[in-house]
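To start, the structure itself, in structure tokens.
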Number of protein chains: 2
Amino acid sequence: MPISKSIKNALGSSSMIRKMFEEGAQLKKQYGADRVFDFSIGNPDIEPPPAFHRVLVRLAGEDKKGSHGYMPNPGYPEVREILAKKASREHAVAIDGSHIIMSVGAAGGLNVVFKSILNPGDEVIVPKPFFMEYRAYVSNYGGTLVPVESRPDFGLDLTAIAAALNEKTAAVLINSPHNPSGRVYSREAIAELAELLTKHGGKTGRKPYLVADEPYREIVYNGIEVPPILSAYGESLVVTSYSKSLSLPGERIGYVAVSPTIEDKADVLGALIYATRVLGYVNAPALMQRIVAELTEETVDVDIYARRRDAFTQVLDESGIGYAQPEGAFYLFCKVPARKDGSAGDDAAFSDHLKKHLILGVPGRGFGQEGWVRFAYCVDESIIRSSGTAFKKAMEEW
Amino acid sequence: MPISKSIKNALGSSSMIRKMFEEGAQLKKQYGADRVFDFSIGNPDIEPPPAFHRVLVRLAGEDKKGSHGYMPNPGYPEVREILAKKASREHAVAIDGSHIIMSVGAAGGLNVVFKSILNPGDEVIVPKPFFMEYRAYVSNYGGTLVPVESRPDFGLDLTAIAAALNEKTAAVLINSPHNPSGRVYSREAIAELAELLTKHGGKTGRKPYLVADEPYREIVYNGIEVPPILSAYGESLVVTSYSKSLSLPGERIGYVAVSPTIEDKADVLGALIYATRVLGYVNAPALMQRIVAELTEETVDVDIYARRRDAFTQVLDESGIGYAQPEGAFYLFCKVPARKDGSAGDDAAFSDHLKKHLILGVPGRGFGQEGWVRFAYCVDESIIRSSGTAFKKAMEEW
């Protein structure tokens, strides 16, 4: 029996990150895990904060009746109230718990959002580079992802977004702090985007949603501001998770927060709840809901990521590799350096070259941006520092 | 901005179970929760077994590095190996962990399966009555659910299934032990179904998948056998969860088990893993995966459900209400009794009538089967016993 044709096609062109993962496993087998500099996977290696373990142990021991049973599809009402207060602070609005839909991580939340808002033929604009899974999250519901250029510093390019807007545009999807560039969009950029979308809505009668994927909101450096979204634009939905801020990616816990002034609010909230149900999530995992509600003031130790960032940029500086200075998240997006002999060398070739020196990164084309390579610093600082020699050697031979 | 049109339509015709839930809450507010006999919701009220709490407390305390991080999309390899052994025993096959895909409950597992196997225009046959969410799980991926009649005792009607089979049939979906009737399909019935599907495949070149939704496998009475599926038919996939057997519906943990002889096995397994990823589940919750792997021999105390079933059938017998004798699960599916005055009275009217006597059940039309009402016995035995007077009074006035 044949499987789904679209999946059969997708399996043929398997993910670049997955390919790196498999090649990395092979290299580690061959040379020993401690000799391979694996910067390919954004899997947070910093442990959850001690408070997470304290709350987990306490709730595990409490053993209250019904605490692992069903609750309403959008989550425990008391959890949603607590997270609404947090979202209200972060987004300069006043929302109550009815605006929060607990989700199975941000990936689950994005699927719920796109199932809720997309009609077949709709388009979703996303600035390049972008997390490649977005393509599936949109096409799952009959939509098409429309990648547009960003500015050279990976800030929002309003002109490029304006050129892509049309009557089929259902949403603009942004991700800040940004994977893979580490860019944080400024308050001004968000205001300009909001103005652009509002004007477009006025002209066409269809005001696009702004969907903000924000799992890295709390992982920022040098006190940079991640500006509010929900207060900046009425038709906005914020999707987030605790995968990065609490290092809980395996537990699949996050939420969608909805703007208090969104049009047809009852429909939007009803659709998000319905999508949570019929996509088979049913509800976000019960125990984790109760845990994250107690940890609104907690994050992993972001200083560890900051020190790694500094160590990594030093390694790159000393090797003569240019990069976008990350303001948040835990990636370094590096420009493929010119070859000594002046011959062509793209991101795939540079990644292959680095691999010979046992350095693993992901070619930018895996994010829709050729000519760049992404390194994730979800590895110990000592590994980053000791990669310096390998980077230098790789550059000498490039 | 408009939401998805298909969801807008769905929100208009909201779920019957949900409607009952809201009316029930209203009645409880009006009369007091202890005076309302709420048999409307299949939310397991029996607590998880003590072993669950022991394992939860132990794993919570262990605090191992990376234990809440990502693992491969289909789940922890060691967990999948353990569950493969269990599935091998239950289904009389020898499968290894590669045949197990951990899922976000059975609802998540069914979505992953249908995303993997359906092409637009495909049909999925399901015997009536059936859990109404199946309709969405199939239409989510462009398929159409095709309900067919069952035998009067709610056993499989092979003639009805044969009549519905055609070249568009991608799968037959069965649920045994069965919600809402409590029927368990016999080994002979499964063998006949397998033979029918094999013959159909030989004739048309398209052998339909058999998808078995089995969350109630371990909740059966009088030692009745739930026959193996994976060994009965080569093209089979079993979907299950711990929502009922361990009373963990809020934690969203289950799995898909794939027949070892399924055609294009690498494609099927690849598709299930891909669907798990792109539908945004990413993986089943990490901690719960590790917990259920230690509880393969545990279930809730099924004797409690058995005693409730006996108490409930006694109440119905004494009230003169006919029903299908449940062999498993925790539902009583009751025939709407003839009215004393001979006037017409359907399942909606009978449910409304019962509601006046503060008894809540779900009309059979909520499962595609008019003329019946479903009662869930997820309530204390004492409540079931004390509902007898209300049932009798309701029958006197019917």
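By convention in this document, the chains of the structure tokens carry letters A, B, ... by their order, each chain's residues are numbered from 1, and ligands are numbered from 1 in the order they are shown.
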
Taking only C-alpha atoms into account, report as a CSV table (one decimal) with C-alpha atoms, in the first residue's frame which residues of chain A lie within 7 Å of chain B.
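Result went into iface-v4.csv, see below:
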```csv
chain,number,residue,atom,x,y,z
A,1,MET,CA,0.0,0.0,0.0
A,3,ILE,CA,1.9,6.0,1.8
A,4,SER,CA,0.9,9.6,1.5
A,5,LYS,CA,2.5,10.9,-1.8
A,7,ILE,CA,5.3,12.5,2.6
A,43,ASN,CA,19.5,20.8,21.5
A,45,ASP,CA,22.5,20.9,26.8
A,47,GLU,CA,20.2,21.5,32.5
A,56,LEU,CA,8.9,18.4,39.8
A,57,VAL,CA,9.8,16.4,42.9
A,60,ALA,CA,5.3,14.1,41.8
A,61,GLY,CA,5.0,13.5,45.5
A,65,LYS,CA,-6.7,13.0,42.7
A,66,GLY,CA,-7.2,13.6,39.0
A,68,HIS,CA,-3.0,13.3,35.5
A,69,GLY,CA,-6.6,13.3,34.1
A,70,TYR,CA,-8.2,15.4,31.3
A,71,MET,CA,-8.6,19.1,31.8
A,104,VAL,CA,2.6,20.7,22.9
A,107,ALA,CA,5.9,23.3,17.1
A,108,GLY,CA,2.5,22.1,18.3
A,111,ASN,CA,0.5,23.8,13.9
A,116,SER,CA,-6.9,27.7,12.8
A,117,ILE,CA,-6.1,30.6,10.4
A,118,LEU,CA,-5.2,29.1,7.0
A,119,ASN,CA,-7.5,28.4,4.1
A,133,GLU,CA,10.1,23.1,9.4
A,136,ALA,CA,5.6,21.9,6.6
A,137,TYR,CA,3.7,23.7,9.4
A,206,ARG,CA,-7.6,41.6,4.7
A,207,LYS,CA,-5.3,42.4,7.6
A,208,PRO,CA,-2.7,39.6,7.9
A,247,SER,CA,15.7,23.4,28.7
A,248,LEU,CA,12.6,21.1,28.5
A,249,PRO,CA,12.4,20.3,24.8
A,250,GLY,CA,11.6,16.7,25.3
A,251,GLU,CA,8.6,17.5,27.5
A,252,ARG,CA,6.7,19.4,24.8
A,263,GLU,CA,-10.8,40.6,15.3
A,268,VAL,CA,-10.0,32.7,16.8
A,271,ALA,CA,-10.6,27.7,16.4
A,278,VAL,CA,-8.8,17.5,16.4
A,279,LEU,CA,-5.1,17.6,15.6
A,280,GLY,CA,-4.9,15.0,18.4
A,281,TYR,CA,-2.9,17.0,20.9
A,283,ASN,CA,-4.2,19.1,25.7
A,285,PRO,CA,0.9,17.5,29.0
A,286,ALA,CA,-0.8,17.9,32.4
A,287,LEU,CA,2.1,17.7,34.9
```

Spatial neighbours of stretch 156-160 of chain A, 12 Å, only C-alpha atoms, chain gap at least 4 places, as a ChimeraX atom specification: /A:125-129,146-152,164-165,172-176,178,183-197

Identify, on the basis of only C-alpha atoms, every residue whose closest approach to B:Lys28 does not exceed 12 Å; exclude the query and any residue fewer than 6 positions from it along the same chain; express the result as a list in words. Met20, Phe21, Glu22, Asp34, Arg35, Val36, Phe37, Asp38, Lys355, Leu358, Ile359 and Leu360 of chain B

Next, dump the selected residues to file, keeping only all heavy atoms, as a compact mmCIF listing (two decimals), in the first residue's frame.
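The result, written out as selection.txt:
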```txt
# COMPACT_ATOMS: atom_id res chain seq x y z
N MET B 20 -23.21 18.37 26.05
CA MET B 20 -23.63 17.69 27.28
C MET B 20 -22.82 18.20 28.47
O MET B 20 -23.34 18.40 29.55
CB MET B 20 -23.38 16.18 27.15
CG MET B 20 -24.26 15.43 26.20
SD MET B 20 -26.02 15.58 26.58
CE MET B 20 -26.04 14.99 28.28
N PHE B 21 -21.53 18.37 28.24
CA PHE B 21 -20.62 18.80 29.28
C PHE B 21 -21.07 20.15 29.84
O PHE B 21 -21.16 20.36 31.06
CB PHE B 21 -19.20 18.90 28.72
CG PHE B 21 -18.18 19.36 29.72
CD1 PHE B 21 -17.69 18.49 30.68
CD2 PHE B 21 -17.72 20.66 29.71
CE1 PHE B 21 -16.74 18.91 31.60
CE2 PHE B 21 -16.78 21.09 30.64
CZ PHE B 21 -16.29 20.22 31.58
N GLU B 22 -21.41 21.06 28.92
CA GLU B 22 -21.82 22.40 29.34
C GLU B 22 -23.17 22.37 30.05
O GLU B 22 -23.36 23.02 31.07
CB GLU B 22 -21.85 23.34 28.13
CG GLU B 22 -20.45 23.80 27.75
CD GLU B 22 -20.34 24.28 26.31
OE1 GLU B 22 -21.39 24.44 25.65
OE2 GLU B 22 -19.21 24.47 25.83
N ASP B 34 -23.71 16.90 43.65
CA ASP B 34 -23.97 15.56 44.16
C ASP B 34 -25.36 15.05 43.80
O ASP B 34 -25.67 13.89 44.01
CB ASP B 34 -23.77 15.54 45.68
CG ASP B 34 -24.60 16.64 46.36
OD1 ASP B 34 -24.84 17.68 45.70
OD2 ASP B 34 -25.02 16.44 47.51
N ARG B 35 -26.19 15.91 43.25
CA ARG B 35 -27.53 15.46 42.89
C ARG B 35 -27.66 15.13 41.40
O ARG B 35 -28.69 14.62 40.96
CB ARG B 35 -28.56 16.53 43.28
CG ARG B 35 -28.74 16.63 44.80
CD ARG B 35 -29.97 17.44 45.15
NE ARG B 35 -31.15 17.00 44.44
CZ ARG B 35 -32.19 17.77 44.12
NH1 ARG B 35 -32.16 19.06 44.44
NH2 ARG B 35 -33.24 17.30 43.49
N VAL B 36 -26.60 15.44 40.63
CA VAL B 36 -26.64 15.17 39.18
C VAL B 36 -25.90 13.87 38.88
O VAL B 36 -24.79 13.66 39.38
CB VAL B 36 -26.00 16.35 38.40
CG1 VAL B 36 -25.99 16.06 36.90
CG2 VAL B 36 -26.77 17.64 38.68
N PHE B 37 -26.54 12.97 38.12
CA PHE B 37 -25.92 11.71 37.75
C PHE B 37 -25.25 11.90 36.39
O PHE B 37 -25.88 11.75 35.35
CB PHE B 37 -26.96 10.59 37.72
CG PHE B 37 -27.71 10.46 39.02
CD1 PHE B 37 -29.03 10.91 39.13
CD2 PHE B 37 -27.08 9.93 40.14
CE1 PHE B 37 -29.70 10.82 40.33
CE2 PHE B 37 -27.76 9.83 41.35
CZ PHE B 37 -29.07 10.29 41.45
N ASP B 38 -23.97 12.26 36.43
CA ASP B 38 -23.28 12.63 35.20
C ASP B 38 -22.53 11.44 34.62
O ASP B 38 -21.43 11.11 35.04
CB ASP B 38 -22.32 13.81 35.47
CG ASP B 38 -21.73 14.34 34.17
OD1 ASP B 38 -21.95 13.73 33.11
OD2 ASP B 38 -21.05 15.38 34.22
N LYS B 355 -32.41 14.07 31.31
CA LYS B 355 -31.80 15.25 31.89
C LYS B 355 -32.74 15.89 32.91
O LYS B 355 -32.29 16.43 33.94
CB LYS B 355 -31.47 16.25 30.77
CG LYS B 355 -30.20 17.02 30.98
CD LYS B 355 -29.93 17.97 29.82
CE LYS B 355 -29.71 17.21 28.52
NZ LYS B 355 -29.82 18.09 27.32
N LEU B 358 -32.11 14.59 35.98
CA LEU B 358 -30.72 14.84 36.37
C LEU B 358 -29.77 13.67 36.04
O LEU B 358 -28.79 13.44 36.73
CB LEU B 358 -30.61 15.22 37.84
CG LEU B 358 -31.47 16.42 38.27
CD1 LEU B 358 -31.22 16.76 39.73
CD2 LEU B 358 -31.21 17.65 37.40
N ILE B 359 -30.15 12.95 34.96
CA ILE B 359 -29.26 11.89 34.46
C ILE B 359 -28.68 12.35 33.12
O ILE B 359 -29.43 12.71 32.20
CB ILE B 359 -30.04 10.57 34.23
CG1 ILE B 359 -30.62 10.07 35.55
CG2 ILE B 359 -29.14 9.51 33.58
CD1 ILE B 359 -31.65 8.95 35.38
N LEU B 360 -27.35 12.33 33.03
CA LEU B 360 -26.71 12.80 31.80
C LEU B 360 -26.05 11.66 31.05
O LEU B 360 -25.24 10.91 31.60
CB LEU B 360 -25.62 13.83 32.12
CG LEU B 360 -26.04 15.04 32.95
CD1 LEU B 360 -24.85 15.99 33.13
CD2 LEU B 360 -27.20 15.77 32.30
```

Write out as a list in words the residues lying within 6 Å of A:Thr169, counting only C-alpha atoms and excluding same-chain residues fewer than 3 positions away. Asp122, Glu123, Val124, Leu165 and Asn166 of chain A

Please dump the current selection as an mmCIF file, in the first residue's frame; keep C-alpha atoms.
```cif
data_model
loop_
_atom_site.group_PDB
_atom_site.id
_atom_site.type_symbol
_atom_site.label_atom_id
_atom_site.label_comp_id
_atom_site.auth_asym_id
_atom_site.auth_seq_id
_atom_site.Cartn_x
_atom_site.Cartn_y
_atom_site.Cartn_z
ATOM 1 C CA ASP A 122 -3.251 31.162 1.559
ATOM 2 C CA GLU A 123 0.277 32.473 1.835
ATOM 3 C CA VAL A 124 2.460 32.990 4.897
ATOM 4 C CA LEU A 165 2.014 41.068 0.549
ATOM 5 C CA ASN A 166 -1.076 40.351 -1.540
#
```

Write out as a VMD selection string which residues come within 8 Å of B:Glu327 when counting only C-alpha atoms, dropping same-chain ones fewer than 6 positions away. chain B and resid 177 182 to 184 220 to 222 224

Give me a file of those residues, with N, CA and C atoms, as a PDB file, in the first residue's frame.
```pdb
ATOM      1  N   PRO B 177     -11.461  -3.071  22.587  1.00  0.00           N
ATOM      2  CA  PRO B 177     -12.816  -2.865  23.089  1.00  0.00           C
ATOM      3  C   PRO B 177     -13.379  -1.516  22.620  1.00  0.00           C
ATOM      4  N   GLY B 182     -18.814  -1.149  24.100  1.00  0.00           N
ATOM      5  CA  GLY B 182     -18.170  -2.117  24.985  1.00  0.00           C
ATOM      6  C   GLY B 182     -17.887  -3.451  24.315  1.00  0.00           C
ATOM      7  N   ARG B 183     -18.230  -3.577  23.008  1.00  0.00           N
ATOM      8  CA  ARG B 183     -17.974  -4.836  22.294  1.00  0.00           C
ATOM      9  C   ARG B 183     -16.484  -5.059  22.128  1.00  0.00           C
ATOM     10  N   VAL B 184     -16.079  -6.361  22.221  1.00  0.00           N
ATOM     11  CA  VAL B 184     -14.719  -6.770  21.872  1.00  0.00           C
ATOM     12  C   VAL B 184     -14.825  -7.679  20.651  1.00  0.00           C
ATOM     13  N   VAL B 220     -10.994  -5.073  30.170  1.00  0.00           N
ATOM     14  CA  VAL B 220     -11.959  -6.071  29.713  1.00  0.00           C
ATOM     15  C   VAL B 220     -12.465  -6.865  30.906  1.00  0.00           C
ATOM     16  N   TYR B 221     -13.605  -7.538  30.699  1.00  0.00           N
ATOM     17  CA  TYR B 221     -14.287  -8.216  31.803  1.00  0.00           C
ATOM     18  C   TYR B 221     -14.392  -9.719  31.535  1.00  0.00           C
ATOM     19  N   ASN B 222     -14.501 -10.478  32.629  1.00  0.00           N
ATOM     20  CA  ASN B 222     -14.706 -11.918  32.552  1.00  0.00           C
ATOM     21  C   ASN B 222     -13.635 -12.599  31.699  1.00  0.00           C
ATOM     22  N   ILE B 224     -12.271 -12.012  28.951  1.00  0.00           N
ATOM     23  CA  ILE B 224     -12.455 -12.115  27.499  1.00  0.00           C
ATOM     24  C   ILE B 224     -11.165 -11.765  26.769  1.00  0.00           C
TER      25      ILE B 224
END
```

Selection: 9 Å around stretch 83-87 of chain B, only C-alpha atoms, excl. self and same-chain fewer than 2 positions, as a VMD selection string: chain B and resid 78 to 81 89 to 100 230 255 257 292 to 293 296 to 297

Suppose you want the space between atom CA of A:Lys356 and atom CA of A:Ala376; what is it in Å?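 For atom CA of A:Lys356 relative to atom CA of A:Ala376, the distance reads 18.4 Å.
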
Sel. of strand (DSSP E or B) residues, stretch 63-308 of chain B, as a ChimeraX atom specification: /B:100-103,123-127,144-148,169-175,209-213,220,236-241,254-258

Check stretch 43-150 of chain A with DSSP on the backbone and list each residue it calls alpha helix (DSSP H), as number ranges by chain. A: 50-62, 77-91, 105-117, 133-139

Quick one: residues within 12 Å of B:His357, only C-alpha atoms, excluding same-chain residues fewer than 6 positions away - as a list of chain:residue names?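 Once the adjacent positions are removed, what remains is B:Leu27, B:Tyr31, B:Arg35, B:Val36, B:Phe37, B:Asp38, B:Phe350, B:Ser351, B:Ser387, B:Gly388, B:Thr389, B:Ala390, B:Phe391, B:Lys392, B:Lys393, B:Ala394, B:Met395, B:Glu396, B:Glu397, B:Trp398.
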
Export C-alpha atoms of the chosen residues as a PDB file, in the first residue's frame?
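This is the output file out_8.pdb:
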```
ATOM      1  CA  LEU B  27     -27.363  21.489  36.028  1.00  0.00           C
ATOM      2  CA  TYR B  31     -29.036  21.508  41.710  1.00  0.00           C
ATOM      3  CA  ARG B  35     -27.535  15.456  42.890  1.00  0.00           C
ATOM      4  CA  VAL B  36     -26.643  15.175  39.180  1.00  0.00           C
ATOM      5  CA  PHE B  37     -25.916  11.707  37.753  1.00  0.00           C
ATOM      6  CA  ASP B  38     -23.280  12.634  35.204  1.00  0.00           C
ATOM      7  CA  PHE B 350     -34.729  10.383  25.566  1.00  0.00           C
ATOM      8  CA  SER B 351     -31.523  12.140  26.626  1.00  0.00           C
ATOM      9  CA  SER B 387     -29.179   6.696  40.174  1.00  0.00           C
ATOM     10  CA  GLY B 388     -31.571   3.739  40.187  1.00  0.00           C
ATOM     11  CA  THR B 389     -34.458   5.724  41.616  1.00  0.00           C
ATOM     12  CA  ALA B 390     -34.016   8.474  39.049  1.00  0.00           C
ATOM     13  CA  PHE B 391     -33.854   5.955  36.193  1.00  0.00           C
ATOM     14  CA  LYS B 392     -37.038   4.250  37.397  1.00  0.00           C
ATOM     15  CA  LYS B 393     -38.877   7.547  37.759  1.00  0.00           C
ATOM     16  CA  ALA B 394     -37.674   8.640  34.315  1.00  0.00           C
ATOM     17  CA  MET B 395     -38.971   5.397  32.809  1.00  0.00           C
ATOM     18  CA  GLU B 396     -42.352   5.767  34.488  1.00  0.00           C
ATOM     19  CA  GLU B 397     -42.758   9.137  32.804  1.00  0.00           C
ATOM     20  CA  TRP B 398     -41.378   8.138  29.394  1.00  0.00           C
TER      21      TRP B 398
END
```

For a test of reading the model, state the distance in Å between atom CA of B:Arg365 and atom CA of B:Asp346, rounded to one decimal. 9.7 Å
